[in-house]
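J.: Here you go, coords.cif (mmCIF, C-alpha atoms):
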data_coords
loop_
_atom_site.label_atom_id
_atom_site.label_comp_id
_atom_site.auth_asym_id
_atom_site.auth_seq_id
_atom_site.Cartn_x
_atom_site.Cartn_y
_atom_site.Cartn_z
CA MET I 29 125.00 -162.03 80.97
CA ARG I 30 126.96 -162.76 77.79
CA PRO I 31 126.37 -166.37 76.66
CA GLU I 32 129.09 -169.02 76.77
CA ARG I 33 131.61 -168.33 74.03
CA ASN I 34 132.05 -171.83 72.63
CA HIS I 35 128.49 -172.00 71.38
CA GLU I 36 127.70 -175.14 69.46
CA GLY I 37 125.34 -174.73 66.53
CA GLY I 38 124.62 -176.29 63.16
CA GLY I 39 125.94 -179.65 64.41
CA GLU I 40 129.58 -178.48 64.58
CA ARG I 41 131.45 -176.20 66.92
CA ALA I 42 132.18 -172.93 65.10
CA GLU I 43 135.73 -171.62 65.25
CA LEU I 44 135.67 -168.15 66.80
CA VAL I 45 138.06 -165.27 66.31
CA THR I 46 140.87 -165.23 68.88
CA LEU I 47 142.75 -162.38 70.48
CA ASP I 48 145.84 -163.43 68.53
CA ASP I 49 143.82 -163.20 65.30
CA LEU I 50 142.87 -159.63 66.16
CA PHE I 51 146.40 -158.58 67.11
CA GLU I 52 147.85 -160.15 63.96
CA ALA I 53 145.27 -158.38 61.79
CA ARG I 54 146.13 -155.08 63.44
CA GLN I 55 149.83 -155.67 62.77
CA ARG I 56 149.20 -156.40 59.08
CA LEU I 57 147.13 -153.25 58.66
CA ARG I 58 149.70 -151.15 60.50
CA ALA I 59 152.63 -152.57 58.58
CA ALA I 60 150.98 -151.78 55.25
CA ARG I 61 149.75 -148.36 56.49
CA VAL I 62 146.33 -149.18 55.11
CA LEU I 63 144.12 -147.33 57.59
CA ARG I 64 143.34 -143.73 58.35
CA PRO I 65 143.04 -142.84 62.05
CA THR I 66 139.38 -142.58 63.13
CA PRO I 67 139.60 -141.60 66.81
CA VAL I 68 136.34 -141.39 68.74
CA ASP I 69 134.73 -138.01 69.32
CA ARG I 70 132.57 -137.13 72.30
CA SER I 71 129.38 -135.41 71.12
CA ASP I 72 127.86 -132.86 73.48
CA SER I 73 124.80 -132.54 71.24
CA PHE I 74 124.02 -136.24 71.16
CA SER I 75 124.86 -136.62 74.84
CA ARG I 76 122.17 -134.05 75.66
CA LEU I 77 119.65 -135.71 73.34
CA ALA I 78 120.35 -139.20 74.69
CA GLY I 79 120.69 -138.24 78.36
CA ARG I 80 124.01 -140.08 78.60
CA THR I 81 127.55 -139.57 77.35
CA VAL I 82 127.74 -140.42 73.63
CA TRP I 83 130.95 -141.11 71.74
CA LEU I 84 131.03 -141.47 67.95
CA LYS I 85 133.49 -143.73 66.12
CA PRO I 86 133.64 -142.07 62.64
CA GLU I 87 134.44 -145.00 60.34
CA GLN I 88 132.79 -143.09 57.50
CA GLN I 89 136.11 -141.21 57.40
CA GLN I 90 138.02 -144.44 56.81
CA ARG I 91 139.59 -145.19 53.41
CA THR I 92 136.88 -146.20 50.89
CA GLY I 93 134.37 -144.43 53.13
CA SER I 94 133.68 -147.34 55.49
CA PHE I 95 135.20 -149.90 57.85
CA LYS I 96 135.19 -152.58 55.15
CA ILE I 97 138.79 -151.99 54.07
CA ARG I 98 139.88 -153.47 57.42
CA GLY I 99 138.52 -156.95 56.80
CA ALA I 100 139.02 -156.92 53.03
CA TYR I 101 142.72 -156.11 53.28
CA ASN I 102 143.34 -158.58 56.10
CA HIS I 103 141.89 -161.33 53.91
CA VAL I 104 143.37 -160.32 50.56
CA CYS I 105 146.92 -159.69 51.77
CA ARG I 106 147.18 -163.32 52.95
CA LEU I 107 146.39 -164.79 49.53
CA PRO I 108 149.15 -166.07 47.20
CA PRO I 109 150.83 -163.19 45.32
CA GLY I 110 149.02 -162.18 42.17
CA GLN I 111 145.93 -164.34 42.75
CA GLU I 112 142.81 -162.71 41.32
CA VAL I 113 139.95 -161.94 43.71
CA VAL I 114 136.18 -162.01 43.31
CA ALA I 115 133.62 -160.55 45.71
CA ALA I 116 129.93 -159.67 46.02
CA SER I 117 128.69 -156.51 47.70
CA ALA I 118 126.15 -153.68 47.68
CA GLY I 119 129.05 -151.25 47.73
CA ASN I 120 131.18 -150.89 50.84
CA HIS I 121 132.77 -154.35 50.79
CA ALA I 122 133.13 -153.91 47.03
CA GLN I 123 135.24 -150.81 47.50
CA GLY I 124 137.24 -152.41 50.29
CA VAL I 125 138.10 -155.44 48.16
CA ALA I 126 138.83 -153.29 45.11
CA LEU I 127 141.28 -151.13 47.08
CA ALA I 128 142.85 -154.15 48.80
CA ALA I 129 143.38 -155.76 45.39
CA ALA I 130 144.96 -152.59 44.04
CA LEU I 131 147.27 -152.30 47.05
CA THR I 132 148.44 -155.90 46.57
CA ASP I 133 148.68 -155.79 42.73
CA ARG I 134 145.76 -158.07 41.91
CA LYS I 135 142.83 -158.09 39.51
CA ALA I 136 139.40 -157.87 41.12
CA THR I 137 135.90 -158.64 39.88
CA ILE I 138 132.98 -157.48 41.99
CA TYR I 139 129.37 -158.60 41.62
CA MET I 140 126.95 -155.89 42.75
CA PRO I 141 123.13 -155.76 42.88
CA ALA I 142 121.54 -154.10 39.87
CA GLN I 143 120.14 -151.38 42.15
CA ALA I 144 123.41 -150.71 44.00
CA PRO I 145 123.96 -146.96 44.53
CA LEU I 146 125.73 -145.48 41.52
CA PRO I 147 128.43 -143.68 43.56
CA LYS I 148 129.42 -147.01 45.15
CA VAL I 149 129.57 -148.68 41.75
CA GLU I 150 131.67 -145.90 40.24
CA ALA I 151 133.98 -145.78 43.26
CA THR I 152 134.54 -149.54 42.98
CA ARG I 153 135.48 -149.14 39.34
CA GLY I 154 137.66 -146.19 40.31
CA TYR I 155 139.79 -148.49 42.47
CA GLY I 156 140.41 -150.64 39.40
CA ALA I 157 137.88 -153.47 39.81
CA ALA I 158 135.65 -154.87 37.08
CA VAL I 159 132.00 -154.59 38.16
CA GLN I 160 129.23 -157.03 37.18
CA SER I 161 125.60 -156.08 37.95
CA LEU I 162 123.36 -158.95 39.01
CA GLY I 163 120.08 -159.52 40.88
CA ASP I 164 118.25 -157.46 43.46
CA SER I 165 120.31 -158.08 46.61
CA VAL I 166 123.77 -158.96 47.88
CA ASP I 167 122.57 -162.49 48.54
CA ASP I 168 121.69 -162.86 44.84
CA CYS I 169 125.28 -161.95 43.95
CA ILE I 170 127.19 -164.08 46.42
CA GLN I 171 126.48 -167.50 44.90
CA THR I 172 127.34 -166.32 41.39
CA ALA I 173 130.55 -164.72 42.66
CA ARG I 174 131.55 -167.95 44.41
CA GLU I 175 130.91 -169.99 41.28
CA ASP I 176 132.82 -167.52 39.10
CA ALA I 177 135.80 -167.59 41.45
CA GLU I 178 135.86 -171.39 41.43
CA ASP I 179 135.60 -171.56 37.63
CA ARG I 180 138.50 -169.15 37.13
CA GLY I 181 140.73 -170.27 39.98
CA ALA I 182 140.29 -166.92 41.69
CA ALA I 183 139.81 -166.34 45.41
CA PHE I 184 136.36 -165.41 46.67
CA VAL I 185 136.51 -162.74 49.39
CA PRO I 186 133.43 -163.13 51.62
CA PRO I 187 131.73 -159.96 52.86
CA PHE I 188 131.37 -161.36 56.39
CA ASP I 189 131.54 -165.18 56.50
CA ASP I 190 135.29 -165.47 57.08
CA LEU I 191 137.60 -165.37 60.10
CA ASP I 192 140.19 -163.14 58.39
CA VAL I 193 137.46 -160.64 57.46
CA ILE I 194 136.06 -160.78 61.00
CA ALA I 195 139.52 -160.28 62.52
CA GLY I 196 140.16 -157.30 60.26
CA GLN I 197 136.87 -155.68 61.25
CA GLY I 198 137.72 -156.41 64.88
CA THR I 199 140.72 -154.08 64.73
CA ALA I 200 138.23 -151.25 65.22
CA GLY I 201 137.20 -152.97 68.44
CA LEU I 202 140.82 -152.99 69.63
CA GLU I 203 140.92 -149.25 69.00
CA LEU I 204 137.70 -148.70 70.93
CA VAL I 205 138.96 -150.68 73.92
CA ASP I 206 141.80 -148.17 74.20
CA GLU I 207 139.89 -145.04 73.15
CA VAL I 208 136.85 -145.36 75.44
CA PRO I 209 137.91 -147.49 78.42
CA ASP I 210 134.85 -146.46 80.45
CA ALA I 211 132.27 -147.34 77.77
CA GLN I 212 129.28 -149.11 79.26
CA VAL I 213 127.76 -149.98 75.85
CA VAL I 214 129.05 -150.19 72.29
CA ALA I 215 126.41 -150.10 69.53
CA VAL I 216 127.27 -151.60 66.14
CA ALA I 217 125.11 -151.98 63.02
CA VAL I 218 124.43 -155.55 61.89
CA GLY I 219 124.03 -156.79 58.34
CA GLY I 220 125.70 -160.13 57.74
CA GLY I 221 127.34 -159.89 61.14
CA GLY I 222 131.07 -159.71 60.38
CA TRP I 223 131.50 -156.17 61.75
CA ILE I 224 129.91 -156.88 65.11
CA SER I 225 131.58 -160.31 65.30
CA GLY I 226 135.00 -158.67 65.20
CA ILE I 227 134.18 -155.79 67.54
CA GLY I 228 132.32 -158.12 69.88
CA GLY I 229 135.30 -160.45 69.95
CA ALA I 230 137.68 -157.62 70.87
CA PHE I 231 135.55 -156.57 73.84
CA ALA I 232 134.80 -160.12 74.94
CA HIS I 233 138.54 -160.87 75.11
CA LEU I 234 139.75 -157.57 76.57
CA ARG I 235 136.85 -155.79 78.27
CA PRO I 236 133.99 -158.25 78.83
CA GLU I 237 132.18 -155.90 81.22
CA THR I 238 131.32 -153.62 78.27
CA ARG I 239 128.02 -154.58 76.67
CA VAL I 240 128.09 -154.94 72.88
CA ILE I 241 124.69 -154.38 71.24
CA GLY I 242 123.88 -155.01 67.60
CA VAL I 243 121.46 -152.80 65.67
CA GLU I 244 119.48 -153.98 62.65
CA ALA I 245 116.99 -152.21 60.43
CA ALA I 246 113.52 -153.45 61.38
CA GLY I 247 112.88 -154.25 57.72
CA ALA I 248 115.99 -156.45 57.45
CA ASP I 249 116.19 -158.16 60.85
CA SER I 250 117.73 -161.48 59.82
CA MET I 251 120.08 -161.65 62.81
CA VAL I 252 117.23 -161.09 65.28
CA ALA I 253 115.22 -163.84 63.57
CA SER I 254 118.24 -166.16 63.55
CA LEU I 255 118.96 -165.63 67.25
CA ARG I 256 115.36 -166.48 68.07
CA ALA I 257 115.49 -169.64 65.95
CA GLY I 258 118.98 -170.68 67.05
CA ARG I 259 120.04 -171.09 63.41
CA PRO I 260 120.51 -168.84 60.36
CA VAL I 261 117.12 -167.68 59.08
CA THR I 262 116.67 -166.35 55.55
CA LEU I 263 114.22 -163.48 55.17
CA ARG I 264 111.76 -163.70 52.30
CA ARG I 265 111.97 -159.98 51.66
CA MET I 266 113.59 -156.85 53.03
CA ARG I 267 112.37 -153.28 53.15
CA THR I 268 114.91 -150.70 54.28
CA MET I 269 116.79 -147.70 52.97
CA ALA I 270 119.89 -149.04 54.75
CA ASP I 271 121.28 -151.06 51.85
CA GLY I 272 124.61 -151.59 53.63
CA ILE I 273 122.95 -153.81 56.26
CA ALA I 274 120.22 -155.33 54.07
CA VAL I 275 121.31 -158.97 54.21
CA LYS I 276 118.77 -161.78 53.99
CA ALA I 277 120.62 -164.13 56.35
CA PRO I 278 123.74 -164.25 58.52
CA SER I 279 126.11 -167.18 58.20
CA GLU I 280 126.62 -170.02 60.68
CA LEU I 281 129.96 -168.39 61.52
CA THR I 282 128.68 -164.90 62.25
CA LEU I 283 125.65 -166.21 64.12
CA ALA I 284 127.99 -168.22 66.36
CA HIS I 285 130.06 -165.09 67.01
CA VAL I 286 127.01 -163.03 67.89
CA GLN I 287 125.73 -165.77 70.19
CA ALA I 288 129.14 -165.88 71.87
CA PHE I 289 130.26 -162.25 72.00
CA VAL I 290 127.19 -159.99 71.67
CA ASP I 291 124.77 -159.15 74.48
CA ASP I 292 121.71 -158.30 72.39
CA VAL I 293 120.51 -157.21 68.96
CA VAL I 294 117.82 -154.53 68.67
CA THR I 295 116.04 -152.98 65.70
CA VAL I 296 115.36 -149.43 64.52
CA GLY I 297 112.76 -148.17 62.06
CA GLU I 298 113.20 -146.15 58.90
CA GLU I 299 112.11 -142.90 60.55
CA GLU I 300 114.59 -143.41 63.38
CA ILE I 301 117.40 -144.06 60.92
CA SER I 302 116.55 -141.02 58.81
CA GLN I 303 116.27 -138.75 61.86
CA ALA I 304 119.68 -139.93 63.08
CA LEU I 305 121.16 -139.27 59.66
CA VAL I 306 119.76 -135.72 59.57
CA LEU I 307 120.99 -135.03 63.09
CA LEU I 308 124.48 -136.23 62.13
CA LEU I 309 124.44 -133.71 59.30
CA GLU I 310 123.18 -130.91 61.54
CA ARG I 311 125.02 -131.55 64.80
CA ALA I 312 128.18 -133.47 63.83
CA LYS I 313 128.63 -132.15 60.28
CA ALA I 314 128.99 -135.80 59.26
CA VAL I 315 127.73 -137.32 56.00
CA VAL I 316 126.74 -140.88 56.92
CA GLU I 317 124.76 -143.45 54.94
CA PRO I 318 121.61 -144.99 56.47
CA SER I 319 123.37 -148.19 57.56
CA GLY I 320 126.11 -146.07 59.11
CA ALA I 321 123.56 -144.14 61.15
CA ALA I 322 121.72 -147.19 62.52
CA ALA I 323 123.78 -147.48 65.71
CA LEU I 324 123.20 -143.84 66.63
CA ALA I 325 119.50 -144.25 65.83
CA ALA I 326 119.31 -146.95 68.52
CA VAL I 327 121.08 -144.66 71.01
CA LEU I 328 118.70 -141.78 70.38
CA ALA I 329 115.64 -144.05 70.43
CA GLY I 330 116.58 -145.33 73.89
CA ARG I 331 116.96 -148.94 72.74
CA LEU I 332 120.24 -149.55 74.57
CA PRO I 333 120.61 -150.66 78.18
CA GLY I 334 122.06 -148.61 81.03
CA SER I 335 122.68 -144.89 81.41
CA GLY I 336 126.48 -144.77 81.24
CA PRO I 337 128.78 -143.82 78.36
CA VAL I 338 127.86 -145.33 75.01
CA VAL I 339 129.78 -145.58 71.75
CA ALA I 340 127.85 -145.41 68.48
CA VAL I 341 129.98 -146.81 65.68
CA LEU I 342 129.31 -144.99 62.39
CA GLY I 343 129.99 -147.63 59.78
CA GLY I 344 130.07 -145.81 56.45
CA GLY I 345 129.42 -142.63 54.53
CA ASN I 346 128.93 -143.80 50.95
CA ILE I 347 125.49 -142.42 50.17
CA ASP I 348 124.04 -141.51 46.80
CA PRO I 349 123.28 -137.75 46.79
CA LEU I 350 119.82 -138.48 45.39
CA LEU I 351 119.09 -140.86 48.26
CA LEU I 352 120.56 -138.34 50.69
CA THR I 353 118.04 -135.76 49.50
CA LYS I 354 115.16 -138.20 49.99
CA VAL I 355 116.40 -139.30 53.41
CA ILE I 356 116.80 -135.70 54.56
CA ASP I 357 113.22 -134.96 53.53
CA HIS I 358 112.03 -138.12 55.28
CA GLY I 359 114.01 -137.35 58.41
CA LEU I 360 112.82 -133.76 58.61
CA SER I 361 109.22 -134.86 58.17
CA ALA I 362 109.60 -137.55 60.84
CA ALA I 363 111.09 -135.00 63.21
CA GLY I 364 108.16 -132.62 62.67
CA ARG I 365 110.25 -130.13 60.72
CA TYR I 366 107.92 -130.19 57.70
CA LEU I 367 104.16 -129.91 57.82
CA ALA I 368 102.05 -130.70 54.75
CA VAL I 369 98.35 -129.84 54.98
CA ARG I 370 95.39 -129.88 52.62
CA VAL I 371 93.16 -126.83 52.83
CA LEU I 372 89.72 -126.62 51.20
CA LEU I 373 88.96 -123.09 49.96
CA ASP I 374 86.02 -121.40 48.28
CA ASP I 375 86.71 -121.05 44.57
CA GLN I 376 86.58 -117.29 44.47
CA PRO I 377 89.07 -114.41 44.17
CA GLY I 378 90.98 -113.67 47.36
CA SER I 379 90.65 -117.09 49.00
CA LEU I 380 94.27 -118.09 48.41
CA ALA I 381 95.48 -114.65 49.48
CA ARG I 382 93.50 -114.98 52.73
CA LEU I 383 95.19 -118.35 53.39
CA THR I 384 98.71 -117.09 52.67
CA GLY I 385 98.02 -114.04 54.82
CA GLN I 386 97.13 -116.25 57.76
CA VAL I 387 100.27 -118.34 57.13
CA ALA I 388 102.32 -115.14 57.27
CA ARG I 389 100.65 -114.07 60.53
CA LEU I 390 101.62 -117.45 62.00
CA GLY I 391 105.23 -116.70 61.06
CA LEU I 392 105.63 -119.70 58.78
CA ASN I 393 108.08 -120.23 55.94
CA VAL I 394 106.26 -121.71 52.94
CA LEU I 395 108.18 -124.45 51.14
CA ALA I 396 105.62 -125.39 48.49
CA VAL I 397 102.08 -124.54 47.36
CA GLU I 398 99.94 -126.65 45.01
CA HIS I 399 96.55 -125.33 43.84
CA HIS I 400 94.10 -127.97 42.54
CA ARG I 401 90.78 -127.22 40.90
CA SER I 402 90.15 -130.27 38.68
CA GLY I 403 90.72 -133.99 38.78
CA LEU I 404 89.79 -134.27 42.46
CA ASP I 405 86.62 -135.21 44.30
CA LEU I 406 85.78 -131.63 45.29
CA PRO I 407 82.56 -129.68 45.68
CA MET I 408 81.67 -127.64 42.61
CA ALA I 409 82.60 -124.29 44.18
CA ALA I 410 85.75 -125.39 46.00
CA VAL I 411 89.49 -125.73 45.36
CA GLU I 412 92.12 -127.64 47.26
CA VAL I 413 95.48 -126.22 48.28
CA LEU I 414 98.35 -128.50 49.31
CA LEU I 415 100.56 -126.39 51.54
CA THR I 416 103.99 -127.42 52.86
CA VAL I 417 105.55 -125.24 55.55
CA GLU I 418 108.68 -125.37 57.68
CA THR I 419 108.12 -125.99 61.38
CA ARG I 420 110.22 -126.18 64.52
CA ASN I 421 108.96 -129.51 65.86
CA ALA I 422 105.88 -131.72 66.19
CA LEU I 423 104.37 -129.46 68.89
CA HIS I 424 104.67 -126.48 66.58
CA SER I 425 102.85 -128.48 63.88
CA ASP I 426 99.89 -128.94 66.23
CA GLU I 427 99.86 -125.21 66.94
CA ILE I 428 99.78 -124.46 63.22
CA LEU I 429 96.80 -126.73 62.61
CA GLU I 430 94.93 -125.14 65.52
CA GLY I 431 95.77 -121.65 64.25
CA LEU I 432 94.48 -122.34 60.75
CA ARG I 433 91.30 -123.96 62.04
CA ALA I 434 90.72 -121.08 64.45
CA ALA I 435 90.90 -118.74 61.45
CA GLY I 436 88.08 -120.65 59.81
CA PHE I 437 89.96 -122.86 57.36
CA ASP I 438 88.94 -126.43 56.52
CA VAL I 439 92.35 -128.07 57.02
CA ALA I 440 93.64 -131.63 57.36
CA LEU I 441 97.04 -133.31 57.35
CA ALA I 442 98.19 -134.36 53.88
CA ARG I 443 98.59 -138.13 53.52
#
Show me, as structure tokens, the structure contained in the file I just sent.
T.:
Amino acid sequence: MRPERNHEGGGERAELVTLDDLFEARQRLRAARVLRPTPVDRSDSFSRLAGRTVWLKPEQQQRTGSFKIRGAYNHVCRLPPGQEVVAASAGNHAQGVALAAALTDRKATIYMPAQAPLPKVEATRGYGAAVQSLGDSVDDCIQTAREDAEDRGAAFVPPFDDLDVIAGQGTAGLELVDEVPDAQVVAVAVGGGGWISGIGGAFAHLRPETRVIGVEAAGADSMVASLRAGRPVTLRRMRTMADGIAVKAPSELTLAHVQAFVDDVVTVGEEEISQALVLLLERAKAVVEPSGAAALAAVLAGRLPGSGPVVAVLGGGNIDPLLLTKVIDHGLSAAGRYLAVRVLLDDQPGSLARLTGQVARLGLNVLAVEHHRSGLDLPMAAVEVLLTVETRNALHSDEILEGLRAAGFDVALAR
């Protein structure tokens, strides 16, 4: 059962987004022709993998490469004409605010973490915003951005802690209500909580029988911790590749929305995220960042309730190509598509040829070979070969190990 909507927390009753707020936000976005259409797509491949009908909402195809333009524009367009804006973001909100400022003829200054992905930084500048690098996380930037806005008489545009932002994000929920009327579950990634607050509000007001489930990275599960505590909890540290949802703490406002409108929040691990990202590339031909793939990761991992139709909302596609390469490697390894083994050979002519001959007989494609003779704790008359081969799946990896051992090789998994 979804909890009572007028949840009271933090000593005061939080104001929640209304259906009128959502409709008005949709009208503003439509009137300004801000959005690109992102209709849902039914995926046969993911439906087979999940054992239930899977629909994808491709918000990575939205302007600025993520859903963030929805909330940013809905907030910015309501400010006094010409007022400068300031924001803090790891990248997607930054681009949304930068574009919203450009569309409404304003100056924008965006504070971004020092380690923010370079493509997101350059895209933010490309929309005309001034970018300031600061700290290690979004949370480190937000306070400075607030203070800067106050000092200069500018308007701070929150990444999630704002009803206008929440209402703007919720316009995607209004679309989903119409696009997938028979959805049993809608899965939405959770960072600060503004995205799921808006989508959850749309379904709670218009289709309350649909279950809305949040998905966090296990290494950045501030919303899960906050729900357990009944108040916003700040994580001491975060460890996740999904920078778009790496937020140390939700706000009182977004926590109240999740308590009121969301049925549950689950977590997914790094391997599950990377596997989902690789499968999106392979099966859907979709380039999605790790935070954008989190919802689908929960679907494929079986973390969501029921067996009926499910919508996985893909939040963004702004991924650094260097990170994409690493994530693909990680995802393929997690899926059993790579196998790296260490083989101990006699240090004599023909040993390596005998190994590669056996690899060929097993029908394997060799991706890398490293031959080590010194610098390792090896017997005097031995060498070590680090062999990486392409495999079909985890079962095939087991067959390869058995085949090499049956041929007399001293082999172990590389760590």
J.: Applying the PyMOL selection byres ((chain I and resi 241) around 9) to the file I just gave you, which residues come out? Please list them as a PyMOL selection string.
T.: chain I and resi 213-217+224+228+239-240+242-243+290-294+323+332-333
J.: Tell me which residues the PyMOL selection byres ((chain I and resi 53-69) around 9) grabs here, as a PyMOL selection string.
T.: chain I and resi 48-52+70-71+82-91+97-99+101-102+105+128+131+192+195-200+202-204+207-208+339+341
J.: With C-alpha atoms retained, export the selected residues as a PDB file, keeping the file's coordinate frame.
T.:
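Done, and the output landed in part-v7.pdb:
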ATOM      1  CA  ASP I  48     145.840-163.430  68.530  1.00  0.00           C
ATOM      2  CA  ASP I  49     143.820-163.200  65.300  1.00  0.00           C
ATOM      3  CA  LEU I  50     142.870-159.630  66.160  1.00  0.00           C
ATOM      4  CA  PHE I  51     146.400-158.580  67.110  1.00  0.00           C
ATOM      5  CA  GLU I  52     147.850-160.150  63.960  1.00  0.00           C
ATOM      6  CA  ARG I  70     132.570-137.130  72.300  1.00  0.00           C
ATOM      7  CA  SER I  71     129.380-135.410  71.120  1.00  0.00           C
ATOM      8  CA  VAL I  82     127.740-140.420  73.630  1.00  0.00           C
ATOM      9  CA  TRP I  83     130.950-141.110  71.740  1.00  0.00           C
ATOM     10  CA  LEU I  84     131.030-141.470  67.950  1.00  0.00           C
ATOM     11  CA  LYS I  85     133.490-143.730  66.120  1.00  0.00           C
ATOM     12  CA  PRO I  86     133.640-142.070  62.640  1.00  0.00           C
ATOM     13  CA  GLU I  87     134.440-145.000  60.340  1.00  0.00           C
ATOM     14  CA  GLN I  88     132.790-143.090  57.500  1.00  0.00           C
ATOM     15  CA  GLN I  89     136.110-141.210  57.400  1.00  0.00           C
ATOM     16  CA  GLN I  90     138.020-144.440  56.810  1.00  0.00           C
ATOM     17  CA  ARG I  91     139.590-145.190  53.410  1.00  0.00           C
ATOM     18  CA  ILE I  97     138.790-151.990  54.070  1.00  0.00           C
ATOM     19  CA  ARG I  98     139.880-153.470  57.420  1.00  0.00           C
ATOM     20  CA  GLY I  99     138.520-156.950  56.800  1.00  0.00           C
ATOM     21  CA  TYR I 101     142.720-156.110  53.280  1.00  0.00           C
ATOM     22  CA  ASN I 102     143.340-158.580  56.100  1.00  0.00           C
ATOM     23  CA  CYS I 105     146.920-159.690  51.770  1.00  0.00           C
ATOM     24  CA  ALA I 128     142.850-154.150  48.800  1.00  0.00           C
ATOM     25  CA  LEU I 131     147.270-152.300  47.050  1.00  0.00           C
ATOM     26  CA  ASP I 192     140.190-163.140  58.390  1.00  0.00           C
ATOM     27  CA  ALA I 195     139.520-160.280  62.520  1.00  0.00           C
ATOM     28  CA  GLY I 196     140.160-157.300  60.260  1.00  0.00           C
ATOM     29  CA  GLN I 197     136.870-155.680  61.250  1.00  0.00           C
ATOM     30  CA  GLY I 198     137.720-156.410  64.880  1.00  0.00           C
ATOM     31  CA  THR I 199     140.720-154.080  64.730  1.00  0.00           C
ATOM     32  CA  ALA I 200     138.230-151.250  65.220  1.00  0.00           C
ATOM     33  CA  LEU I 202     140.820-152.990  69.630  1.00  0.00           C
ATOM     34  CA  GLU I 203     140.920-149.250  69.000  1.00  0.00           C
ATOM     35  CA  LEU I 204     137.700-148.700  70.930  1.00  0.00           C
ATOM     36  CA  GLU I 207     139.890-145.040  73.150  1.00  0.00           C
ATOM     37  CA  VAL I 208     136.850-145.360  75.440  1.00  0.00           C
ATOM     38  CA  VAL I 339     129.780-145.580  71.750  1.00  0.00           C
ATOM     39  CA  VAL I 341     129.980-146.810  65.680  1.00  0.00           C
TER      40      VAL I 341
END
J.: Could you jot down the atom CA of I:Gln143 to atom CA of I:Thr353 separation for me, Å, one decimal place?
T.: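 So the answer is 17.4 Å.
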J.: At a cut-off of 12 Å, using all atoms listed in the file, what residues contact I:Val286? Leave out same-chain residues fewer than 4 positions from it and give the result as a ChimeraX atom specification.
T.: /I:30-35,37,42,44-45,194,216,218-229,232,240-243,251-252,254-255,258-260,278-282,290-293
J.: Apply the PyMOL selection byres ((chain I and resi 384) around 12) to the displayed file and report the matching residues as a list in words.
T.: Val371, Leu373, Gly378, Ser379, Leu380, Ala381, Arg382, Leu383, Gly385, Gln386, Val387, Ala388, Arg389, Leu390, Gly391, Leu392, Asn393, Val394, Ala396, Val397, Val413, Leu414, Leu415, Thr416, Val417, Leu432, Ala435 and Phe437 of chain I
J.: For atom CA of I:Leu429 and atom CA of I:Ala362, quote the distance in Å rounded to one decimal.
T.: 16.9 Å
J.: Between atom CA of I:Val296 and atom CA of I:Asp249, what is the distance in Å, rounded to a tenth?
T.: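 Taking atom CA of I:Val296 and atom CA of I:Asp249, their separation equals 9.5 Å.
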J.: Give me the residues near I:Tyr155 as a PyMOL selection string, where near means some atom within 10 Å (using all atoms listed in the file) and where sequence neighbours in that chain fewer than 4 positions away do not count.
T.: chain I and resi 92+122-131+136+150-151
J.: Kindly indicate which residue among I:Val193, I:Val114, I:Ala211, I:Val355 lies nearest to I:Thr172, using all atoms listed in the file for the distances.
T.: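 Closest candidate: I:Val114.
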J.: Between I:Ala173, I:Val185, I:Val315, I:Ala158, which residue has the minimum interatomic distance to I:Pro349, considering all atoms listed in the file?
T.: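 The answer is I:Val315, which sits nearest to I:Pro349.
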J.: Which is closest to I:Gly345 among I:Pro147, I:Gly297, I:Gly93, I:Pro108, if we use all atoms listed in the file?
T.: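 Once distances to I:Gly345 are computed over all atoms listed in the file, the minimum belongs to I:Gly93.
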J.: Pick out the residues sitting within 10 Å of I:His400, and hand them over as a list in words; count all atoms listed in the file, and ignore anything fewer than 5 positions along from it in its own chain.
T.: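 Returned residues: Leu372, Leu406, Ala410, Val411, Glu412, Val413 and Leu414 of chain I.
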J.: Set the distance at 10 Å and use all atoms listed in the file: which residues neighbour I:Leu367 once local chain neighbours fewer than 6 positions away are removed? I'd like the list as JSON, numbers by chain.
T.: {"I": [360, 361, 394, 395, 415, 416, 417, 418, 419, 420, 421, 422, 424, 425, 426, 428, 429, 441, 442]}
J.: Rank I:Gly343, I:Cys169, I:Ala312, I:Asp438 by their smallest atom-to-atom distance to I:Asp72, using only C-alpha atoms, and report the top residue only.
T.: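 Among the listed residues, I:Ala312 lies closest to I:Asp72.
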J.: From the set I:Ala284, I:Ala118, I:Val104, I:Val205, which residue has the shortest atom-to-atom contact distance to I:Ser319, counting all atoms listed in the file?
T.: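 Closest candidate: I:Ala118.
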J.: To test the calculation: enclose all listed atoms of stretch 340-349 of chain I in a box whose edges run along x, y and z, add 6 Å on each side, then state centre and edge lengths in Å to one decimal, as lines of an AutoDock Vina configuration file.
T.:
center_x = 126.7
center_y = -142.7
center_z = 57.6
size_x = 18.8
size_y = 21.9
size_z = 33.7
J.: Near I:Leu307, within 10 Å and counting only C-alpha atoms, which residues show up once chain neighbours fewer than 5 positions away are dropped, as a list in words?
T.: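 Surrounding residues, per the criterion: Ser73, Phe74, Ile301, Ser302, Ala312, Lys313, Ala314, Ala321, Leu324, Ala325, Ile356, Gly359, Leu360 and Ala363 of chain I.
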J.: Counting only C-alpha atoms, which residue out of I:Leu342, I:Lys148, I:Ser335, I:Ala368 sits closest to I:Ala304?
T.: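 Of all the options, I:Leu342 lies closest to I:Ala304.
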